[in-house]
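Asker: So here's query00.json (JSON, C-alpha atoms).
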[["chain", "number", "residue", "atom", "x", "y", "z"],
["A", 1, "MET", "CA", 107.99, 85.98, 109.61],
["A", 2, "ILE", "CA", 108.62, 84.58, 106.15],
["A", 3, "ILE", "CA", 106.35, 86.19, 103.59],
["A", 4, "PRO", "CA", 105.17, 83.83, 100.85],
["A", 5, "ASP", "CA", 105.64, 84.51, 97.16],
["A", 6, "LEU", "CA", 102.60, 86.60, 96.22],
["A", 7, "SER", "CA", 103.67, 87.38, 92.66],
["A", 8, "ASP", "CA", 100.87, 85.24, 91.18],
["A", 9, "LYS", "CA", 98.21, 87.09, 93.22],
["A", 10, "ASN", "CA", 96.25, 90.11, 92.07],
["A", 11, "ALA", "CA", 96.16, 93.31, 94.11],
["A", 12, "SER", "CA", 92.91, 92.45, 95.86],
["A", 13, "GLN", "CA", 94.27, 89.06, 96.91],
["A", 14, "VAL", "CA", 97.40, 90.66, 98.32],
["A", 15, "VAL", "CA", 95.31, 93.16, 100.28],
["A", 16, "HIS", "CA", 93.20, 90.34, 101.73],
["A", 17, "TRP", "CA", 96.33, 88.29, 102.54],
["A", 18, "THR", "CA", 97.77, 91.32, 104.36],
["A", 19, "GLU", "CA", 94.61, 91.81, 106.39],
["A", 20, "ALA", "CA", 94.32, 88.09, 107.18],
["A", 21, "THR", "CA", 97.99, 87.90, 108.20],
["A", 22, "PHE", "CA", 98.39, 91.13, 110.16],
["A", 23, "GLY", "CA", 94.82, 92.00, 111.13],
["A", 24, "THR", "CA", 94.59, 95.65, 112.12],
["A", 25, "GLU", "CA", 98.30, 95.90, 112.93],
["A", 26, "TRP", "CA", 99.54, 96.96, 109.48],
["A", 27, "VAL", "CA", 99.93, 100.48, 108.14],
["A", 28, "MET", "CA", 100.27, 102.06, 104.73],
["A", 29, "ALA", "CA", 102.70, 104.83, 103.93],
["A", 30, "SER", "CA", 101.26, 107.41, 101.56],
["A", 31, "SER", "CA", 102.45, 110.54, 99.84],
["A", 32, "PHE", "CA", 98.95, 110.89, 98.36],
["A", 33, "SER", "CA", 100.34, 110.50, 94.86],
["A", 34, "ILE", "CA", 98.13, 108.97, 92.18],
["A", 35, "GLU", "CA", 99.73, 105.56, 92.74],
["A", 36, "ASP", "CA", 99.22, 105.71, 96.50],
["A", 37, "ASN", "CA", 95.61, 106.78, 96.02],
["A", 38, "VAL", "CA", 94.99, 103.76, 93.77],
["A", 39, "LEU", "CA", 96.35, 101.50, 96.53],
["A", 40, "LEU", "CA", 94.18, 103.24, 99.12],
["A", 41, "ASP", "CA", 91.15, 102.76, 96.86],
["A", 42, "LEU", "CA", 91.93, 99.02, 96.54],
["A", 43, "VAL", "CA", 92.17, 98.62, 100.30],
["A", 44, "VAL", "CA", 88.97, 100.54, 101.01],
["A", 45, "ALA", "CA", 87.15, 98.67, 98.22],
["A", 46, "ALA", "CA", 88.15, 95.44, 99.99],
["A", 47, "GLY", "CA", 86.15, 96.61, 102.99],
["A", 48, "ILE", "CA", 89.19, 97.48, 105.08],
["A", 49, "LYS", "CA", 89.62, 100.70, 107.07],
["A", 50, "PRO", "CA", 93.39, 101.20, 106.73],
["A", 51, "LYS", "CA", 95.84, 102.98, 108.96],
["A", 52, "VAL", "CA", 97.80, 105.39, 106.80],
["A", 53, "PHE", "CA", 100.79, 107.53, 107.65],
["A", 54, "PHE", "CA", 102.04, 110.59, 105.83],
["A", 55, "LEU", "CA", 105.30, 112.51, 106.15],
["A", 56, "ASP", "CA", 104.69, 116.25, 106.15],
["A", 57, "THR", "CA", 108.14, 117.65, 105.55],
["A", 58, "GLY", "CA", 106.98, 121.25, 105.80],
["A", 59, "ARG", "CA", 108.16, 121.82, 102.23],
["A", 60, "LEU", "CA", 105.32, 120.24, 100.28],
["A", 61, "HIS", "CA", 103.41, 121.87, 97.44],
["A", 62, "GLU", "CA", 99.98, 123.33, 98.04],
["A", 63, "GLU", "CA", 98.58, 120.71, 95.64],
["A", 64, "THR", "CA", 99.79, 117.94, 97.95],
["A", 65, "TYR", "CA", 97.86, 119.34, 100.89],
["A", 66, "ALA", "CA", 94.79, 119.78, 98.66],
["A", 67, "ALA", "CA", 95.09, 116.12, 97.60],
["A", 68, "VAL", "CA", 95.32, 115.02, 101.24],
["A", 69, "ASP", "CA", 92.15, 116.97, 102.10],
["A", 70, "LYS", "CA", 90.29, 115.62, 99.06],
["A", 71, "ILE", "CA", 91.22, 111.99, 99.77],
["A", 72, "ARG", "CA", 90.39, 112.37, 103.48],
["A", 73, "SER", "CA", 86.91, 113.56, 102.56],
["A", 74, "ARG", "CA", 86.40, 110.69, 100.12],
["A", 75, "TYR", "CA", 87.59, 107.67, 102.12],
["A", 76, "ASP", "CA", 87.22, 106.44, 105.69],
["A", 77, "PHE", "CA", 90.70, 105.74, 107.04],
["A", 78, "ASP", "CA", 92.87, 106.54, 110.02],
["A", 79, "LEU", "CA", 95.59, 109.06, 109.16],
["A", 80, "LYS", "CA", 98.65, 109.80, 111.24],
["A", 81, "ILE", "CA", 100.82, 112.68, 110.11],
["A", 82, "TYR", "CA", 104.49, 112.81, 111.03],
["A", 83, "HIS", "CA", 106.38, 116.10, 111.06],
["A", 84, "PRO", "CA", 110.05, 116.93, 111.52],
["A", 85, "ASP", "CA", 111.06, 117.30, 115.15],
["A", 86, "PRO", "CA", 110.80, 121.04, 115.92],
["A", 87, "GLN", "CA", 114.16, 121.13, 117.73],
["A", 88, "ASP", "CA", 115.93, 119.33, 114.86],
["A", 89, "LEU", "CA", 114.29, 121.66, 112.34],
["A", 90, "THR", "CA", 115.23, 124.75, 114.34],
["A", 91, "ALA", "CA", 118.85, 123.57, 114.58],
["A", 92, "LEU", "CA", 118.94, 122.87, 110.84],
["A", 93, "LEU", "CA", 117.52, 126.27, 109.93],
["A", 94, "GLU", "CA", 119.77, 128.12, 112.37],
["A", 95, "HIS", "CA", 122.76, 126.48, 110.69],
["A", 96, "ASP", "CA", 121.56, 126.52, 107.06],
["A", 97, "SER", "CA", 119.22, 128.75, 105.10],
["A", 98, "TYR", "CA", 115.88, 127.68, 103.64],
["A", 99, "THR", "CA", 117.51, 127.45, 100.22],
["A", 100, "SER", "CA", 120.79, 125.82, 101.26],
["A", 101, "ILE", "CA", 119.56, 122.47, 99.94],
["A", 102, "PHE", "CA", 120.42, 123.83, 96.51],
["A", 103, "ASP", "CA", 124.01, 124.59, 97.54],
["A", 104, "SER", "CA", 125.46, 121.16, 98.23],
["A", 105, "LYS", "CA", 124.76, 117.48, 98.47],
["A", 106, "MET", "CA", 125.74, 117.53, 102.15],
["A", 107, "GLN", "CA", 123.13, 120.20, 102.91],
["A", 108, "ARG", "CA", 120.45, 118.27, 100.98],
["A", 109, "ARG", "CA", 121.26, 115.16, 103.00],
["A", 110, "ALA", "CA", 121.07, 117.09, 106.27],
["A", 111, "CYS", "CA", 117.69, 118.51, 105.26],
["A", 112, "CYS", "CA", 116.37, 115.09, 104.16],
["A", 113, "ARG", "CA", 117.56, 113.51, 107.38],
["A", 114, "VAL", "CA", 115.60, 116.01, 109.49],
["A", 115, "ARG", "CA", 112.52, 116.30, 107.28],
["A", 116, "LYS", "CA", 112.18, 112.73, 105.96],
["A", 117, "VAL", "CA", 114.49, 110.10, 107.44],
["A", 118, "ILE", "CA", 113.93, 110.75, 111.15],
["A", 119, "PRO", "CA", 110.12, 111.06, 110.82],
["A", 120, "LEU", "CA", 110.03, 107.91, 108.66],
["A", 121, "ARG", "CA", 112.05, 105.98, 111.24],
["A", 122, "LYS", "CA", 109.60, 107.11, 113.91],
["A", 123, "ALA", "CA", 106.61, 106.05, 111.82],
["A", 124, "LEU", "CA", 108.12, 102.64, 111.08],
["A", 125, "SER", "CA", 109.17, 102.08, 114.67],
["A", 126, "GLU", "CA", 105.54, 102.52, 115.75],
["A", 127, "ALA", "CA", 104.21, 100.13, 113.10],
["A", 128, "LYS", "CA", 103.97, 96.38, 113.60],
["A", 129, "ALA", "CA", 103.63, 95.59, 109.90]]
Would you write the structure of this file as structure tokens?
Answerer:
Amino acid sequence: MIIPDLSDKNASQVVHWTEATFGTEWVMASSFSIEDNVLLDLVVAAGIKPKVFFLDTGRLHEETYAAVDKIRSRYDFDLKIYHPDPQDLTALLEHDSYTSIFDSKMQRRACCRVRKVIPLRKALSEAKA
């Protein structure tokens, strides 16, 4: 599909174009940051019940989980949470320590692969748009 130039459209128009084009088959990624919450608010204000996915790496701050709970209680949306594969995580932690990400770039990449990249690939592979 070729996506048209939407640069002259406001956020609400883009949201409506997305819904008109993809129906209920599109998903939003969210880290529940302020920016992501603004986008979620725009979508909900447009009368759309979005599908949202979130990557729980297992190393998030308590404030992130509190934000997720607060936003879930405020808005009506479908949330799917993706976690690292338990076997991959076990293998990573048996090989490296919990703090090894601070030791080398290679160890940070291995951690990000298990905690972020693989779950993100899974989430995207399940999404149609």
Asker: Using only C-alpha atoms, which residue out of A:Asp88, A:Ser97, A:Met1, A:Ser125 lies closest to A:Arg113?
Answerer: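 That would be A:Asp88, the residue with the smallest distance to A:Arg113.
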Asker: Could you tell me which of A:Val68, A:Met106, A:Leu42, A:Leu79 comes closest to A:Asn10 if we count only C-alpha atoms?
Answerer: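 Looking only at the distances to A:Asn10, the closest residue turns out to be A:Leu42.
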Asker: Rounded to one decimal place, report the atom CA of A:Asp5-atom CA of A:Val117 distance in Å.
Answerer: 29.0 Å
Asker: Which neighbours of A:Phe22 fall inside 10 Å, counting all atoms listed in the file, when residues of the same chain fewer than 5 positions from it are skipped, and could you give them as a PyMOL selection string?
Answerer: chain A and resi 16-17+27+128-129
Asker: Find the spatial neighbours of A:Thr99, counting only C-alpha atoms, within a cut-off of 12 Å - ignore same-chain residues fewer than 4 positions away - and output them as a PyMOL selection string.
Answerer: chain A and resi 59+92-93+95+103-104+107-108+111
Asker: For stretch 101-119 of chain A, take all atoms listed in the file, fit an axis-aligned box around them, add 6 Å to each of the six sides, then output centre and edge lengths in Å rounded to one decimal, as AutoDock Vina command-line options.
Answerer:
--center_x 117.9 --center_y 117.3 --center_z 103.8 --size_x 27.6 --size_y 26.5 --size_z 26.6
